[in-house]
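Novice: A single structure is presented below for examination.
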Amino acid sequence: YNKMNVLHWHIVDGNSFAYQSKVLPDLSGKAAFTQREVYTLEEIADFVEFARLRGVRVLPEFDTPGHVFPSWGLGYPDVVTKCADGSTGPLRVDLNSTYDFINKLFIEVGQIFPDSFLHLGGDEVSFDCWNSNEEVAAFMETHGFDGAALENYY
């Protein structure tokens with residue numbers, strides 16, 4: 001019998017960005033269902049401490065690079081891929097600026113969640129969208145990547 005005492009918190013998803021970032025405020029500011037349906041950093045810190053006092057680790061999930069649309073793109077359109085059909089798709093993992101953006105967010109997340117781990121998800125990435133975007137497709141061709149290899153690159 002094992003008791004892991006880990007709460008896996010899928011705190012954001014493509015439909016709503018409920019984590020209220022101070023360093024990237026337009027994520028929740030423009031992409032939460034409503035401004036009443038967000039978790040402030042203070043509320044998150046209180047929740048994590050409440051769990052810690054009861055022997056429970058809180059492991060946040062920021063499901064990337066796939067589950068970011070449309071929410072992330074509403075606040076920061078340059079970090080998501082524009083698909084040929086006009087919709088948005090996964091993160092623009094071909095751009096260094098995307099990694100700067102992610103780094104900025106995850107530094108803040110690391111200050112709120114003391115656990116050594118962060119779940120990045122990584123499922124259900126739309127390779128069709130990456131393939132349909134001329135700049136992403138050119139990056140993939142230059143590096144000899146298919147969609148799965150580009151996801152692994154991320």
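Ligands are numbered from 1 in the order shown, residues from 1 within each chain, and chains are lettered A, B, ... in the order they appear in the structure tokens.
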Produce a table with one row for each residue of segment 65-154 of chain A that has an atom at most 9 Å from any atom of segment 26-48 of chain A, each row naming the nearest atom pair and its distance in Å at one decimal; use only C-alpha atoms; arrange rows by chain and rising residue number; format as a Markdown table.

Specialist:
```
| residue | atom | partner | partner_atom | distance |
| --- | --- | --- | --- | --- |
| A:Pro70 | CA | A:Ala31 | CA | 8.0 |
| A:Ser71 | CA | A:Ala31 | CA | 4.7 |
| A:Trp72 | CA | A:Leu27 | CA | 5.9 |
| A:Gly73 | CA | A:Ala31 | CA | 8.2 |
| A:Leu74 | CA | A:Ala31 | CA | 5.9 |
| A:Gly75 | CA | A:Asp26 | CA | 4.6 |
| A:Tyr76 | CA | A:Asp26 | CA | 7.1 |
| A:Ile112 | CA | A:Ala45 | CA | 5.9 |
| A:Phe113 | CA | A:Val48 | CA | 7.0 |
| A:Pro114 | CA | A:Val48 | CA | 8.4 |
```

Novice: With only C-alpha atoms counted and 9 Å as the cut-off, give the residues of segment 43-143 of chain A in contact with segment 147-150 of chain A, each with its shortest interatomic distance in Å and the pair that gives it, as JSON lines.

Specialist:
```
{"residue": "A:Val93", "atom": "CA", "partner": "A:Leu150", "partner_atom": "CA", "distance": 7.6}
{"residue": "A:Asp94", "atom": "CA", "partner": "A:Leu150", "partner_atom": "CA", "distance": 8.1}
{"residue": "A:Val125", "atom": "CA", "partner": "A:Gly147", "partner_atom": "CA", "distance": 8.5}
{"residue": "A:Ser126", "atom": "CA", "partner": "A:Gly147", "partner_atom": "CA", "distance": 8.2}
{"residue": "A:Phe127", "atom": "CA", "partner": "A:Gly147", "partner_atom": "CA", "distance": 5.0}
{"residue": "A:Asp128", "atom": "CA", "partner": "A:Gly147", "partner_atom": "CA", "distance": 8.1}
{"residue": "A:Trp130", "atom": "CA", "partner": "A:Gly147", "partner_atom": "CA", "distance": 7.2}
{"residue": "A:Asn131", "atom": "CA", "partner": "A:Gly147", "partner_atom": "CA", "distance": 7.5}
{"residue": "A:Met140", "atom": "CA", "partner": "A:Leu150", "partner_atom": "CA", "distance": 6.9}
{"residue": "A:His143", "atom": "CA", "partner": "A:Leu150", "partner_atom": "CA", "distance": 8.9}
```

Novice: Give me the residues near Gly55 of chain A as a list in words, where near means some atom within 7 Å (using only C-alpha atoms) and where sequence neighbours in that chain fewer than 3 positions away do not count.

Specialist: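 Contacts, in chain order: Asn5, Ala51 and Arg52 of chain A.
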
Novice: May I have the selected residues written with C-alpha atoms, as a PDB file, in the first residue's frame?

Specialist:
```pdb
ATOM      1  CA  ASN A   5      -0.012  12.522  -0.957  1.00  0.00           C
ATOM      2  CA  ALA A  51      -1.860  21.229   1.811  1.00  0.00           C
ATOM      3  CA  ARG A  52       1.708  21.208   3.151  1.00  0.00           C
TER       4      ARG A  52
END
```

Novice: I want to know what sits within 12 Å of Lys104 of chain A, based on only C-alpha atoms, with residues of the same chain fewer than 3 positions away left out; could you give that as an MDAnalysis selection string?

Specialist: chainID A and resid 21:25 97:101 107:111

Novice: For the selection just defined, write its residues with N, CA and C atoms to a file, as an mmCIF file, in the first residue's frame.

Specialist:
```
data_model
loop_
_atom_site.group_PDB
_atom_site.id
_atom_site.type_symbol
_atom_site.label_atom_id
_atom_site.label_comp_id
_atom_site.auth_asym_id
_atom_site.auth_seq_id
_atom_site.Cartn_x
_atom_site.Cartn_y
_atom_site.Cartn_z
ATOM 1 N N SER A 21 -1.199 35.549 -12.955
ATOM 2 C CA SER A 21 0.221 35.899 -12.960
ATOM 3 C C SER A 21 0.418 37.397 -12.771
ATOM 4 N N LYS A 22 1.409 37.734 -11.964
ATOM 5 C CA LYS A 22 1.781 39.149 -11.836
ATOM 6 C C LYS A 22 2.751 39.566 -12.929
ATOM 7 N N VAL A 23 3.558 38.620 -13.421
ATOM 8 C CA VAL A 23 4.553 38.967 -14.440
ATOM 9 C C VAL A 23 3.965 38.958 -15.850
ATOM 10 N N LEU A 24 2.874 38.217 -16.051
ATOM 11 C CA LEU A 24 2.192 38.165 -17.351
ATOM 12 C C LEU A 24 0.685 38.294 -17.114
ATOM 13 N N PRO A 25 0.247 39.487 -16.697
ATOM 14 C CA PRO A 25 -1.129 39.660 -16.235
ATOM 15 C C PRO A 25 -2.204 39.431 -17.295
ATOM 16 N N SER A 97 11.748 33.816 -28.426
ATOM 17 C CA SER A 97 10.923 34.687 -27.585
ATOM 18 C C SER A 97 9.877 33.890 -26.799
ATOM 19 N N THR A 98 9.429 32.770 -27.331
ATOM 20 C CA THR A 98 8.483 31.926 -26.601
ATOM 21 C C THR A 98 9.142 31.345 -25.353
ATOM 22 N N TYR A 99 10.398 30.953 -25.475
ATOM 23 C CA TYR A 99 11.111 30.393 -24.314
ATOM 24 C C TYR A 99 11.390 31.476 -23.273
ATOM 25 N N ASP A 100 11.632 32.699 -23.703
ATOM 26 C CA ASP A 100 11.773 33.814 -22.769
ATOM 27 C C ASP A 100 10.462 34.010 -21.998
ATOM 28 N N PHE A 101 9.360 33.947 -22.721
ATOM 29 C CA PHE A 101 8.028 34.101 -22.135
ATOM 30 C C PHE A 101 7.761 32.998 -21.112
ATOM 31 N N ILE A 107 9.415 30.940 -13.753
ATOM 32 C CA ILE A 107 10.154 31.460 -12.590
ATOM 33 C C ILE A 107 9.160 31.877 -11.515
ATOM 34 N N GLU A 108 8.115 32.587 -11.929
ATOM 35 C CA GLU A 108 7.092 32.992 -10.967
ATOM 36 C C GLU A 108 6.395 31.768 -10.373
ATOM 37 N N VAL A 109 6.020 30.816 -11.214
ATOM 38 C CA VAL A 109 5.343 29.609 -10.741
ATOM 39 C C VAL A 109 6.207 28.884 -9.713
ATOM 40 N N GLY A 110 7.513 28.815 -9.965
ATOM 41 C CA GLY A 110 8.426 28.159 -9.036
ATOM 42 C C GLY A 110 8.509 28.843 -7.687
ATOM 43 N N GLN A 111 8.216 30.134 -7.654
ATOM 44 C CA GLN A 111 8.227 30.856 -6.380
ATOM 45 C C GLN A 111 6.955 30.608 -5.572
#
```

Novice: Using only C-alpha atoms, which residue out of A:Asn133, A:Val58, A:Gly121, A:Gly86 lies closest to Tyr154 of chain A?

Specialist: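 Closest residue, counting only C-alpha atoms: A:Gly121.
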
Novice: Can you pull out every residue within 9 Å of Arg92 of chain A, counting only C-alpha atoms, but drop anything in the same chain fewer than 6 positions away, and send it as a PyMOL selection string?

Specialist: chain A and resi 65+78-82+98+130+136

Novice: Those selected residues, please, written with N, CA and C atoms and delivered as a PDB file, in the first residue's frame.

Specialist:
```pdb
ATOM      1  N   PRO A  65       3.127  22.019 -24.927  1.00  0.00           N
ATOM      2  CA  PRO A  65       2.844  23.193 -25.749  1.00  0.00           C
ATOM      3  C   PRO A  65       1.470  23.171 -26.396  1.00  0.00           C
ATOM      4  N   ASP A  78       1.480  36.403 -29.756  1.00  0.00           N
ATOM      5  CA  ASP A  78       2.732  36.028 -30.407  1.00  0.00           C
ATOM      6  C   ASP A  78       3.320  34.712 -29.910  1.00  0.00           C
ATOM      7  N   VAL A  79       2.804  34.163 -28.813  1.00  0.00           N
ATOM      8  CA  VAL A  79       3.366  32.916 -28.295  1.00  0.00           C
ATOM      9  C   VAL A  79       2.648  31.677 -28.811  1.00  0.00           C
ATOM     10  N   VAL A  80       1.527  31.861 -29.494  1.00  0.00           N
ATOM     11  CA  VAL A  80       0.810  30.710 -30.046  1.00  0.00           C
ATOM     12  C   VAL A  80       0.911  30.721 -31.570  1.00  0.00           C
ATOM     13  N   THR A  81       0.761  29.556 -32.150  1.00  0.00           N
ATOM     14  CA  THR A  81       0.866  29.397 -33.598  1.00  0.00           C
ATOM     15  C   THR A  81      -0.438  29.809 -34.258  1.00  0.00           C
ATOM     16  N   LYS A  82      -0.311  30.594 -35.316  1.00  0.00           N
ATOM     17  CA  LYS A  82      -1.466  30.921 -36.139  1.00  0.00           C
ATOM     18  C   LYS A  82      -1.558  29.845 -37.216  1.00  0.00           C
ATOM     19  N   THR A  98       9.429  32.770 -27.331  1.00  0.00           N
ATOM     20  CA  THR A  98       8.483  31.926 -26.601  1.00  0.00           C
ATOM     21  C   THR A  98       9.142  31.345 -25.353  1.00  0.00           C
ATOM     22  N   TRP A 130       1.000  23.286 -36.668  1.00  0.00           N
ATOM     23  CA  TRP A 130       2.416  23.603 -36.883  1.00  0.00           C
ATOM     24  C   TRP A 130       2.787  23.430 -38.351  1.00  0.00           C
ATOM     25  N   VAL A 136       6.735  28.055 -38.921  1.00  0.00           N
ATOM     26  CA  VAL A 136       6.996  26.857 -38.117  1.00  0.00           C
ATOM     27  C   VAL A 136       7.415  25.711 -39.037  1.00  0.00           C
TER      28      VAL A 136
END
```

Novice: Could you state the separation of atom CA of Leu118 of chain A and atom CA of Thr88 of chain A in Å, given to one decimal place?

Specialist: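 According to the coordinates, atom CA of Leu118 of chain A and atom CA of Thr88 of chain A are separated by 24.6 Å.
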
Novice: May I ask which of the residues A:His67, A:Val56, A:Phe50, A:Glu124 is the closest one to Val12 of chain A, counting only C-alpha atoms?

Specialist: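 Going through A:His67, A:Val56, A:Phe50, A:Glu124 one by one, the smallest distance to Val12 of chain A is for A:His67.
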
Novice: Have a look at A:Ala138, A:Asn103, A:Asp115, A:Gln20 and name the one nearest to Leu7 of chain A; count only C-alpha atoms.

Specialist: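 With only C-alpha atoms as the atom set, the closest residue is A:Asp115.
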
Novice: Name the closest residue to Phe62 of chain A among the candidates A:Cys129, A:Ala137, A:Ile102, A:Val6; distances are taken between atoms, counting only C-alpha atoms.

Specialist: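 Ranking A:Cys129, A:Ala137, A:Ile102, A:Val6 by distance to Phe62 of chain A, first place goes to A:Ile102.
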
Novice: Report the distance between atom CA of Val68 of chain A and atom CA of Gly89 of chain A in Å, rounded to one decimal place.

Specialist: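 These two atoms are separated by 7.3 Å.
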
Novice: Taking only C-alpha atoms into account, name the residue in A:Asp146, A:Asp85, A:Asp63, A:Asp13 that is nearest to Ser132 of chain A.

Specialist: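 Of A:Asp146, A:Asp85, A:Asp63, A:Asp13, the one nearest Ser132 of chain A, counting only C-alpha atoms, is A:Asp85.
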
Novice: Write out as a ChimeraX atom specification the set of residues from chain A that DSSP, computed on the backbone, places in strand (DSSP E or B).

Specialist: /A:6-12,17,19,39,57-64,80-82,88-91,119-121

Novice: Atoms to include: N, CA, C and O atoms. Write the selected residues as a CSV table (one decimal), in the first residue's frame.

Specialist:
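Output (selection_17.csv):
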```
chain,number,residue,atom,x,y,z
A,6,VAL,N,0.1,13.5,-3.2
A,6,VAL,CA,0.4,14.5,-4.2
A,6,VAL,C,-0.9,14.9,-4.8
A,6,VAL,O,-1.7,14.1,-5.3
A,7,LEU,N,-1.2,16.2,-4.8
A,7,LEU,CA,-2.3,16.8,-5.5
A,7,LEU,C,-1.8,17.3,-6.9
A,7,LEU,O,-1.0,18.2,-6.9
A,8,HIS,N,-2.3,16.7,-7.9
A,8,HIS,CA,-1.9,17.2,-9.3
A,8,HIS,C,-3.0,18.2,-9.7
A,8,HIS,O,-4.1,17.8,-9.9
A,9,TRP,N,-2.6,19.4,-9.8
A,9,TRP,CA,-3.5,20.5,-10.0
A,9,TRP,C,-3.3,21.0,-11.4
A,9,TRP,O,-2.4,21.7,-11.8
A,10,HIS,N,-4.3,20.7,-12.3
A,10,HIS,CA,-4.3,21.2,-13.7
A,10,HIS,C,-4.9,22.6,-13.6
A,10,HIS,O,-6.1,22.8,-13.9
A,11,ILE,N,-4.1,23.5,-13.3
A,11,ILE,CA,-4.6,24.9,-12.9
A,11,ILE,C,-4.9,25.8,-14.1
A,11,ILE,O,-5.7,26.7,-14.0
A,12,VAL,N,-4.4,25.5,-15.3
A,12,VAL,CA,-4.7,26.2,-16.5
A,12,VAL,C,-5.0,25.2,-17.6
A,12,VAL,O,-4.5,24.1,-17.6
A,17,PHE,N,-7.4,30.5,-18.5
A,17,PHE,CA,-6.1,30.6,-17.8
A,17,PHE,C,-6.5,31.2,-16.4
A,17,PHE,O,-6.6,32.4,-16.3
A,19,TYR,N,-4.8,31.0,-13.5
A,19,TYR,CA,-3.6,31.4,-12.7
A,19,TYR,C,-3.4,32.9,-12.9
A,19,TYR,O,-3.1,33.3,-14.0
A,39,TYR,N,-7.4,32.3,-9.7
A,39,TYR,CA,-6.7,32.1,-8.4
A,39,TYR,C,-5.6,33.1,-8.3
A,39,TYR,O,-4.7,33.1,-9.2
A,57,ARG,N,1.7,17.3,-1.1
A,57,ARG,CA,2.5,18.2,-2.1
A,57,ARG,C,1.5,18.6,-3.2
A,57,ARG,O,0.6,17.8,-3.6
A,58,VAL,N,1.6,19.8,-3.7
A,58,VAL,CA,0.8,20.3,-4.8
A,58,VAL,C,1.7,20.4,-6.0
A,58,VAL,O,2.7,21.2,-6.0
A,59,LEU,N,1.3,19.7,-7.0
A,59,LEU,CA,2.1,19.6,-8.3
A,59,LEU,C,1.2,20.3,-9.3
A,59,LEU,O,0.2,19.8,-9.8
A,60,PRO,N,1.6,21.5,-9.8
A,60,PRO,CA,0.8,22.2,-10.8
A,60,PRO,C,1.1,21.7,-12.2
A,60,PRO,O,2.2,21.2,-12.5
A,61,GLU,N,0.1,21.8,-13.0
A,61,GLU,CA,0.2,21.4,-14.4
A,61,GLU,C,-0.1,22.6,-15.3
A,61,GLU,O,-1.2,23.2,-15.2
A,62,PHE,N,0.9,23.0,-16.1
A,62,PHE,CA,0.7,24.0,-17.1
A,62,PHE,C,0.9,23.3,-18.5
A,62,PHE,O,2.0,23.1,-18.9
A,63,ASP,N,-0.2,22.8,-19.0
A,63,ASP,CA,-0.2,21.9,-20.1
A,63,ASP,C,0.2,22.6,-21.4
A,63,ASP,O,-0.5,23.3,-22.1
A,64,THR,N,1.5,22.3,-21.7
A,64,THR,CA,2.1,23.0,-22.9
A,64,THR,C,2.8,21.9,-23.7
A,64,THR,O,3.1,20.8,-23.2
A,80,VAL,N,1.5,31.9,-29.5
A,80,VAL,CA,0.8,30.7,-30.0
A,80,VAL,C,0.9,30.7,-31.6
A,80,VAL,O,1.1,31.8,-32.2
A,81,THR,N,0.8,29.6,-32.2
A,81,THR,CA,0.9,29.4,-33.6
A,81,THR,C,-0.4,29.8,-34.3
A,81,THR,O,-1.5,29.4,-33.8
A,82,LYS,N,-0.3,30.6,-35.3
A,82,LYS,CA,-1.5,30.9,-36.1
A,82,LYS,C,-1.6,29.8,-37.2
A,82,LYS,O,-0.7,29.7,-38.0
A,88,THR,N,-6.0,29.4,-33.8
A,88,THR,CA,-4.7,29.3,-33.1
A,88,THR,C,-4.4,27.9,-32.7
A,88,THR,O,-5.3,27.1,-32.5
A,89,GLY,N,-3.1,27.7,-32.5
A,89,GLY,CA,-2.7,26.3,-32.1
A,89,GLY,C,-1.7,26.3,-31.0
A,89,GLY,O,-1.6,27.2,-30.1
A,90,PRO,N,-0.8,25.3,-31.0
A,90,PRO,CA,0.2,25.2,-29.9
A,90,PRO,C,1.2,26.4,-29.8
A,90,PRO,O,1.2,27.3,-30.7
A,91,LEU,N,2.0,26.3,-28.8
A,91,LEU,CA,3.0,27.4,-28.6
A,91,LEU,C,3.9,27.5,-29.8
A,91,LEU,O,4.1,26.5,-30.5
A,119,HIS,N,4.5,19.9,-13.9
A,119,HIS,CA,4.0,19.1,-15.0
A,119,HIS,C,3.7,19.9,-16.2
A,119,HIS,O,2.9,20.8,-16.1
A,120,LEU,N,4.3,19.6,-17.3
A,120,LEU,CA,4.2,20.4,-18.6
A,120,LEU,C,3.1,19.8,-19.5
A,120,LEU,O,3.0,20.3,-20.6
A,121,GLY,N,2.5,18.7,-19.1
A,121,GLY,CA,1.5,18.1,-20.0
A,121,GLY,C,2.1,17.4,-21.2
A,121,GLY,O,2.7,16.4,-21.1
```
